[in-house]
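Below you'll find the structure, written out as structure tokens, and then a few comments.
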Amino acid sequence: MTAALIALLLPLFTALCLLLLRSRSGVLVIVTSLLTLLAAAWSLYDVTVNGPQWLELGDWPPPLAIRFQLQPITALLLVFSAMIHLLVAVYAAGSQHSKTRYTDFWPLSCLLQGSLNALWLSGDLFNWYVTLELLGLAAVALVALSGRKAYGPALNYLLLSLGASLVYLLGVALAYGRYGVLDISLLGAMTEADTTTRIAWWLMTLGLMLKAALWPFHLWLPRAHASAPTAVSALLSALVVKGPLFILWRLWSEGAPTELAVEAGPVLAVAGIAALILGGWSALRTPWLKSLVAYSTVAQLGYALMALGLLMYWQLPALDAALWLFVLAHGLAKASMFLAAGELQASLGSKRVSALRGTTETMPVAMFAFAVAGGSLIGLPPSGGFLAKWLLLEPMFETVNHWPWVVGILLGTLISAGYVFRVVALAFDRADPVPPDFSPDRFAHWLALLPALVVWGLALISEPLIHWLTGVPL
Amino acid sequence: MGMTVITPLLYWLSWIFLLLSAGFFIAGTVGMLRFPDIYSRLHAVTKADTLGLGLLVIGLSLRADDLYSVGIMILIWLLVMGSGATACQLLARYGRESEGDTEADDVAS
Amino acid sequence: MIILATVLLLTVLFGLWRVLRGPTAADRLLAIQLFGTTGAAFLLVLAMLVDIRALRDAALVIALLAAVLSAALVQYLRRQEKSN
Amino acid sequence: MSLHEWMLDGTLGLLVLILAVAVLHVRSLYISIVLFIAFGLLLALIWARLGAPDLALAEAAIGAGLTGTLLLAAYGRVSERRRKAEEPLDWHAGPALLLSLIIAVILMRAVWPLPDLDSALVPAVADQMAQSGVGHPVTAVLLSFRAWDTLLELLVLLLAFMAVRQLLPSLPRQPEAWPLLQAWSRLLAPLSVLIGGYLLWRGSADPGGAFQAGALLAAGAILLRLTGLLPALGWHHFWIRALILGGCMVFLAIGVAGYWLGTGFLGYADGWAGPLILLIEVFATLSIATTLTLLVIGETREVRE
Amino acid sequence: MTQVLFYLILGVCLWALGLYGLLRLKESIRRIISVNIMGSGVFMVMVALAARSEDPDPVMHALVVTGLVVAISATAFALRLSVADVQEDDQ
């Protein structure tokens, strides 16, 4: 548990020191991200060896104090967010095109990582509200870094995020009113399905769905992520939208009574399918490269929402692995896709997808990274995306009356293949004459390729991965 | 209420003061509604309410249990008296200064 | 005692009518002064009623705050008049 | 509920609803801001009515005072076009109105059984109060039992300030304040510092505490700055940075020291709880006061190195 | 119809009013005000829940104080963002 605590407190301390010294050096942040990654890896090792652990803050008895909970999934998420942060910090420091070098990006990204780690570890409803607020504010501050054109979408994102937090808070107040306890695991034992609990859980779900940009409430995401700097949109898409999803999963799988979960399952699963289809459809039609990638985030989150919905509907804990593999695979793939897209857009100087004509000639490595990451999003065999989709499909093959879900997944895969190949096919055309100031940043291209290769490598370590996620002994 | 401490005489005396203070508060509000221009309204709010609060403080301190709360109430009254007078002067001056150019703006709403 | 508190609130209610209708900007700022004084009075009555001593500190804070707020707002709005 | 109480609560409820509806539906932006300040002050009265003196203090200082100043500072900087843009919000039409009504009715059904239940945490707090090292239960919860929430909340305040710093605020010219206003603020500011200190000191035994005291100090400092009696405060001064970051740093350091000494993260050794909490509260008050002041009036365009 | 229930319903109405304002209004300062009203609604629900037991529940009061500070920092950021959004002149 000490390792997880170090992984939590290290970014906070760095952020405070960076602010005190008013320094904007990326090296300090890269070193801390590395140390956080090591601490997270140690905590993962620690949790696999001697099982889940609890830490009561201040040694107060359970109903009163806030408890930190270290599960295999939490440790894995700590490692995942530390890895993405390290990658984005190296990109922001190293690449020529990143505009975030001389701004407060460094302390803000450290605070973002600290609040995310606090969210993974905590198990208290109100504590989640404060970490969600911290996450939302940090994300909006990072989006607003890219200057005046980002203020409009950033303000819209902030207001909707505040409204969603208050919807969630009202749910927490009702749940506390009904059961008198704030800790999620204690709640799990006490809840029974009556009107107040149902309304409280649905309020919390609606608030979290808006913050995680899940289907019906996703309209703020494309404008916010497209106008943010490249490093920031990679962070946002890969990490920030996953925080509320984690809370949603804990709420329904641990906190809610079973009949409430079974009743709400199909609704979330259908919303997942709708996200897949509609998100994919707008990704197909949008002329802008970055909003294509942002819409694909909305679509891919549909898979995770569907896995969550089916997990609740059939009360099948094996689907946990599918849900979290989707999150990990999507995070890595989306980070590499956004970095590649950012580089392509910065080098070619145009935001449109049509400008990517012939990039396999001019910038082969960046386009290769984009294609490989796209492959994992579609779910081509050896990648992490395929692994997750396989785990999701497995329970559906048992009985024939699950066919509508299979058709939904099929349609989703078709559309995601559509918007990825739309870009890749364009890249193989004849290249237009290259603009005079064309200076591709080789280092950033290879950096963008790194997570894509990692996501394809997930299949190699799938055995321990599934074991960690489902807790099934090896 | 601290019935044990105060004798019935004090009880009735405090009721008189409380009713008087209610009267002044009502007078302040009626003045605020009926007076023709901003300057007289300012007096209505600041002066009448401050006096109302003063009588209230006297009425309540007759009923108070210990000297500490009486002290706090008197401090509040002094603060409100000072702030009433200054705010009245500031607002009047601000009203005059903004009378020139923003008259049209506010009459419309 | 409760009747007195209710009377105080009613005076505030009617006072608001003037704030809504008042022609000049200074009328609007009256609302803060009105709420400051009557709010402090209400809190003092309530402190006597429910016998919570801390409410007197709250009355002190509200009175102080109304003073600070109206002074600051006059300065802010004056600056707004000055700049355009 | 006796008739008298019913009358009092009914008036309070009516007043707060009228104010809320008026704030949203009055045409001019200026009036809606002033009414919102009145709404904040009225909320303070309602918290007092519901037996929460801490919240009456906090709502008055933070909700009405600082939010009101912030809103009018924003109103002062908004361009003429937006100020005149009357926003006719018609009642009748709008699916949003229907949606909100339906949600309100559903929520009333959810809220109906709640009053006769009670919370398991109240007895838990009562019997843990002895070790919390503080007399007043709310301060005990804020700084001992749920200290992690308070630490994260200080970080939220710091984060909001860092975010605002990115927007390079610029304050229009400052007209010369009237001598009366300067004299008055010379009297009010020390008084607010005095009452802020008083609230902080009483925080351990009675309602009060770091946040209310910090907000009051900020109100005093804002008034001094507005009337030109305080020099421009900027992030490039080291002591400003030390003040703002002091709150979080001290809290984190004490938490980590607690974990290292074996009394659990953010746990205090049994003899030391009282003084440690007071130390945290002092630093938190200074950090909150400076952060809120700079949030409201942070106007220096500090140099970019 | 006890006092607690009255304030619970009042809090829910304020919350719904704030939500309605957030969805309907276009001017950003007004939307920020309606988010604040929504916040006050939730806080009223929480304080009413706290007032159920004889001596009010300190945990709820502490949570509302935390919520208030979070609300003002978010409002300050949103207001500065909405003002900076329209400042064409100085940038």
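Each chain of the structure tokens is named A, B, ... in the order shown, its residues numbered from 1; ligands are numbered from 1 in display order.
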> Within 9 Å of chain D, which residues of chain C show up when using only C-alpha atoms, listed as an MDAnalysis selection string?
Replying inline: chainID C and resid 2:3 5:7 9:10 12:13 16 19:20 25 28:29 31:32 35:36 39:40 42:43 46:47 50 52:55 57:62 64:69 71:73 75:84
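All residues of protein, DNA or RNA that reach within 9 Å of Ile32 in chain E, judged by only C-alpha atoms and not counting those fewer than 5 positions away in the chain, are A:Leu159, E:Leu22, E:Glu27, E:Ile37, E:Thr75, E:Ala78, E:Leu79.
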Export N, CA, C and O atoms of the chosen residues as a CSV table (one decimal), in the first residue's frame?
chain,number,residue,atom,x,y,z
A,159,LEU,N,-18.9,24.2,-17.8
A,159,LEU,CA,-20.3,24.4,-17.3
A,159,LEU,C,-21.0,23.1,-17.2
A,159,LEU,O,-21.6,22.7,-16.2
E,22,LEU,N,-29.6,26.2,-16.5
E,22,LEU,CA,-28.4,25.8,-17.2
E,22,LEU,C,-28.7,25.4,-18.6
E,22,LEU,O,-28.0,25.7,-19.5
E,27,GLU,N,-26.6,33.3,-22.2
E,27,GLU,CA,-25.6,34.2,-21.7
E,27,GLU,C,-24.7,33.4,-20.7
E,27,GLU,O,-25.3,32.8,-19.7
E,37,ILE,N,-27.1,28.3,-8.3
E,37,ILE,CA,-28.4,28.0,-7.7
E,37,ILE,C,-28.6,26.5,-7.6
E,37,ILE,O,-29.0,26.0,-6.5
E,75,THR,N,-16.6,28.6,-9.9
E,75,THR,CA,-17.3,29.8,-10.4
E,75,THR,C,-16.3,30.8,-10.8
E,75,THR,O,-16.4,31.5,-11.9
E,78,ALA,N,-14.9,29.8,-14.1
E,78,ALA,CA,-15.8,29.9,-15.2
E,78,ALA,C,-16.0,31.4,-15.6
E,78,ALA,O,-16.1,31.8,-16.7
E,79,LEU,N,-16.1,32.3,-14.5
E,79,LEU,CA,-16.4,33.7,-14.8
E,79,LEU,C,-15.2,34.3,-15.6
E,79,LEU,O,-15.4,35.0,-16.6
Range 61-78 of chain B: which residues within 9 Å, counting only C-alpha atoms, same-chain residues fewer than 3 positions away excluded, as a PDB file with N, CA and C atoms, in the first residue's frame?
ATOM      1  N   MET B   1     -35.805  30.414  25.925  1.00  0.00           N
ATOM      2  CA  MET B   1     -35.473  31.792  26.378  1.00  0.00           C
ATOM      3  C   MET B   1     -35.063  31.767  27.857  1.00  0.00           C
ATOM      4  N   GLY B   2     -34.180  32.677  28.222  1.00  0.00           N
ATOM      5  CA  GLY B   2     -33.648  32.624  29.593  1.00  0.00           C
ATOM      6  C   GLY B   2     -34.685  33.118  30.594  1.00  0.00           C
ATOM      7  N   MET B   3     -35.743  32.318  30.771  1.00  0.00           N
ATOM      8  CA  MET B   3     -36.830  32.808  31.622  1.00  0.00           C
ATOM      9  C   MET B   3     -36.376  32.913  33.078  1.00  0.00           C
ATOM     10  N   VAL B   5     -33.744  33.829  34.529  1.00  0.00           N
ATOM     11  CA  VAL B   5     -32.955  34.947  35.070  1.00  0.00           C
ATOM     12  C   VAL B   5     -33.833  36.187  35.234  1.00  0.00           C
ATOM     13  N   ILE B   6     -34.638  36.501  34.144  1.00  0.00           N
ATOM     14  CA  ILE B   6     -35.200  37.869  34.154  1.00  0.00           C
ATOM     15  C   ILE B   6     -36.553  37.854  34.875  1.00  0.00           C
ATOM     16  N   LEU B  10     -38.754  42.909  33.506  1.00  0.00           N
ATOM     17  CA  LEU B  10     -37.817  42.986  32.365  1.00  0.00           C
ATOM     18  C   LEU B  10     -38.466  42.361  31.131  1.00  0.00           C
ATOM     19  N   TYR B  11     -39.223  41.254  31.342  1.00  0.00           N
ATOM     20  CA  TYR B  11     -39.849  40.533  30.225  1.00  0.00           C
ATOM     21  C   TYR B  11     -40.732  41.482  29.440  1.00  0.00           C
ATOM     22  N   LEU B  13     -40.743  44.758  29.532  1.00  0.00           N
ATOM     23  CA  LEU B  13     -39.957  45.869  28.973  1.00  0.00           C
ATOM     24  C   LEU B  13     -39.338  45.439  27.629  1.00  0.00           C
ATOM     25  N   SER B  14     -38.805  44.204  27.599  1.00  0.00           N
ATOM     26  CA  SER B  14     -38.144  43.795  26.340  1.00  0.00           C
ATOM     27  C   SER B  14     -39.187  43.646  25.244  1.00  0.00           C
ATOM     28  N   THR B  50     -31.373  50.871  10.972  1.00  0.00           N
ATOM     29  CA  THR B  50     -30.338  50.873  12.031  1.00  0.00           C
ATOM     30  C   THR B  50     -31.001  51.132  13.385  1.00  0.00           C
ATOM     31  N   LEU B  53     -32.701  48.076  14.486  1.00  0.00           N
ATOM     32  CA  LEU B  53     -31.757  47.086  15.016  1.00  0.00           C
ATOM     33  C   LEU B  53     -31.323  47.493  16.422  1.00  0.00           C
ATOM     34  N   GLY B  54     -31.136  48.788  16.606  1.00  0.00           N
ATOM     35  CA  GLY B  54     -30.711  49.253  17.934  1.00  0.00           C
ATOM     36  C   GLY B  54     -31.728  48.854  18.991  1.00  0.00           C
ATOM     37  N   LEU B  56     -33.895  46.549  18.763  1.00  0.00           N
ATOM     38  CA  LEU B  56     -33.909  45.079  18.879  1.00  0.00           C
ATOM     39  C   LEU B  56     -32.804  44.625  19.824  1.00  0.00           C
ATOM     40  N   VAL B  57     -31.619  45.248  19.643  1.00  0.00           N
ATOM     41  CA  VAL B  57     -30.475  44.840  20.486  1.00  0.00           C
ATOM     42  C   VAL B  57     -30.802  45.094  21.956  1.00  0.00           C
ATOM     43  N   ILE B  58     -31.410  46.257  22.218  1.00  0.00           N
ATOM     44  CA  ILE B  58     -31.757  46.552  23.631  1.00  0.00           C
ATOM     45  C   ILE B  58     -32.762  45.512  24.127  1.00  0.00           C
ATOM     46  N   MET B  81     -24.429  50.617  12.397  1.00  0.00           N
ATOM     47  CA  MET B  81     -24.615  52.091  12.360  1.00  0.00           C
ATOM     48  C   MET B  81     -23.569  52.713  11.436  1.00  0.00           C
ATOM     49  N   GLY B  82     -22.289  52.324  11.654  1.00  0.00           N
ATOM     50  CA  GLY B  82     -21.235  52.907  10.816  1.00  0.00           C
ATOM     51  C   GLY B  82     -21.459  52.567   9.359  1.00  0.00           C
ATOM     52  N   SER B  83     -21.758  51.280   9.091  1.00  0.00           N
ATOM     53  CA  SER B  83     -21.869  50.883   7.674  1.00  0.00           C
ATOM     54  C   SER B  83     -23.092  51.527   7.052  1.00  0.00           C
TER      55      SER B  83
ATOM     56  N   ALA C  40     -28.942  40.549   9.818  1.00  0.00           N
ATOM     57  CA  ALA C  40     -28.296  40.509  11.143  1.00  0.00           C
ATOM     58  C   ALA C  40     -29.368  40.483  12.234  1.00  0.00           C
ATOM     59  N   LEU C  44     -30.016  37.562  15.045  1.00  0.00           N
ATOM     60  CA  LEU C  44     -29.997  37.803  16.503  1.00  0.00           C
ATOM     61  C   LEU C  44     -31.264  37.236  17.145  1.00  0.00           C
ATOM     62  N   MET C  48     -31.582  34.074  19.870  1.00  0.00           N
ATOM     63  CA  MET C  48     -32.323  34.053  21.139  1.00  0.00           C
ATOM     64  C   MET C  48     -33.342  32.914  21.132  1.00  0.00           C
ATOM     65  N   ARG C  53     -25.460  30.002  20.452  1.00  0.00           N
ATOM     66  CA  ARG C  53     -24.655  31.229  20.612  1.00  0.00           C
ATOM     67  C   ARG C  53     -23.938  31.603  19.337  1.00  0.00           C
ATOM     68  N   ARG C  56     -24.830  34.472  16.799  1.00  0.00           N
ATOM     69  CA  ARG C  56     -24.472  35.907  16.953  1.00  0.00           C
ATOM     70  C   ARG C  56     -23.212  36.202  16.158  1.00  0.00           C
ATOM     71  N   ASP C  57     -22.270  35.266  16.123  1.00  0.00           N
ATOM     72  CA  ASP C  57     -21.085  35.500  15.265  1.00  0.00           C
ATOM     73  C   ASP C  57     -21.509  35.579  13.810  1.00  0.00           C
ATOM     74  N   ALA C  59     -24.308  36.697  12.716  1.00  0.00           N
ATOM     75  CA  ALA C  59     -24.905  38.026  12.496  1.00  0.00           C
ATOM     76  C   ALA C  59     -23.793  39.064  12.331  1.00  0.00           C
ATOM     77  N   LEU C  60     -22.746  38.918  13.170  1.00  0.00           N
ATOM     78  CA  LEU C  60     -21.626  39.871  13.062  1.00  0.00           C
ATOM     79  C   LEU C  60     -21.001  39.774  11.671  1.00  0.00           C
ATOM     80  N   VAL C  61     -20.811  38.526  11.182  1.00  0.00           N
ATOM     81  CA  VAL C  61     -20.166  38.351   9.870  1.00  0.00           C
ATOM     82  C   VAL C  61     -21.048  38.924   8.770  1.00  0.00           C
ATOM     83  N   ALA C  63     -23.265  41.335   8.990  1.00  0.00           N
ATOM     84  CA  ALA C  63     -23.248  42.816   9.028  1.00  0.00           C
ATOM     85  C   ALA C  63     -21.942  43.322   8.420  1.00  0.00           C
ATOM     86  N   LEU C  64     -20.831  42.703   8.847  1.00  0.00           N
ATOM     87  CA  LEU C  64     -19.528  43.160   8.323  1.00  0.00           C
ATOM     88  C   LEU C  64     -19.478  42.976   6.819  1.00  0.00           C
TER      89      LEU C  64
END
>> Report as a PyMOL selection string all protein, DNA and RNA residues lying within 8 Å of Tyr7 in chain E, evaluated on only C-alpha atoms, omitting residues in the same chain fewer than 5 positions from it.
In response: (chain D and resi 13) or (chain E and resi 44-45+48)
>> Residues near Ile254 in chain D, anyone? I mean within 7 Å using only C-alpha atoms, not counting same-chain ones fewer than 4 positions away, as a PyMOL selection string.
In response: chain D and resi 250+258+266
> In Å to one decimal, how far is CA of Gly177 in chain A from CA of Gly41 in chain E?
Replying inline: 15.1 Å
>> What are the residues of chain E lining chain D at 7 Å or less? Count only C-alpha atoms, and put the answer as a count of residues only.
In response: 37
> Near Phe14 in chain C, within 10 Å and counting only C-alpha atoms, which residues show up once chain neighbours fewer than 6 positions away are dropped, as a VMD selection string?
Replying inline: chain B and resid 26 29 to 30 32 to 33
> Out of chain E, which residues get helix (DSSP H, G or I) from DSSP, as a ChimeraX atom specification?
Replying inline: /E:3-24,28-50,58-86
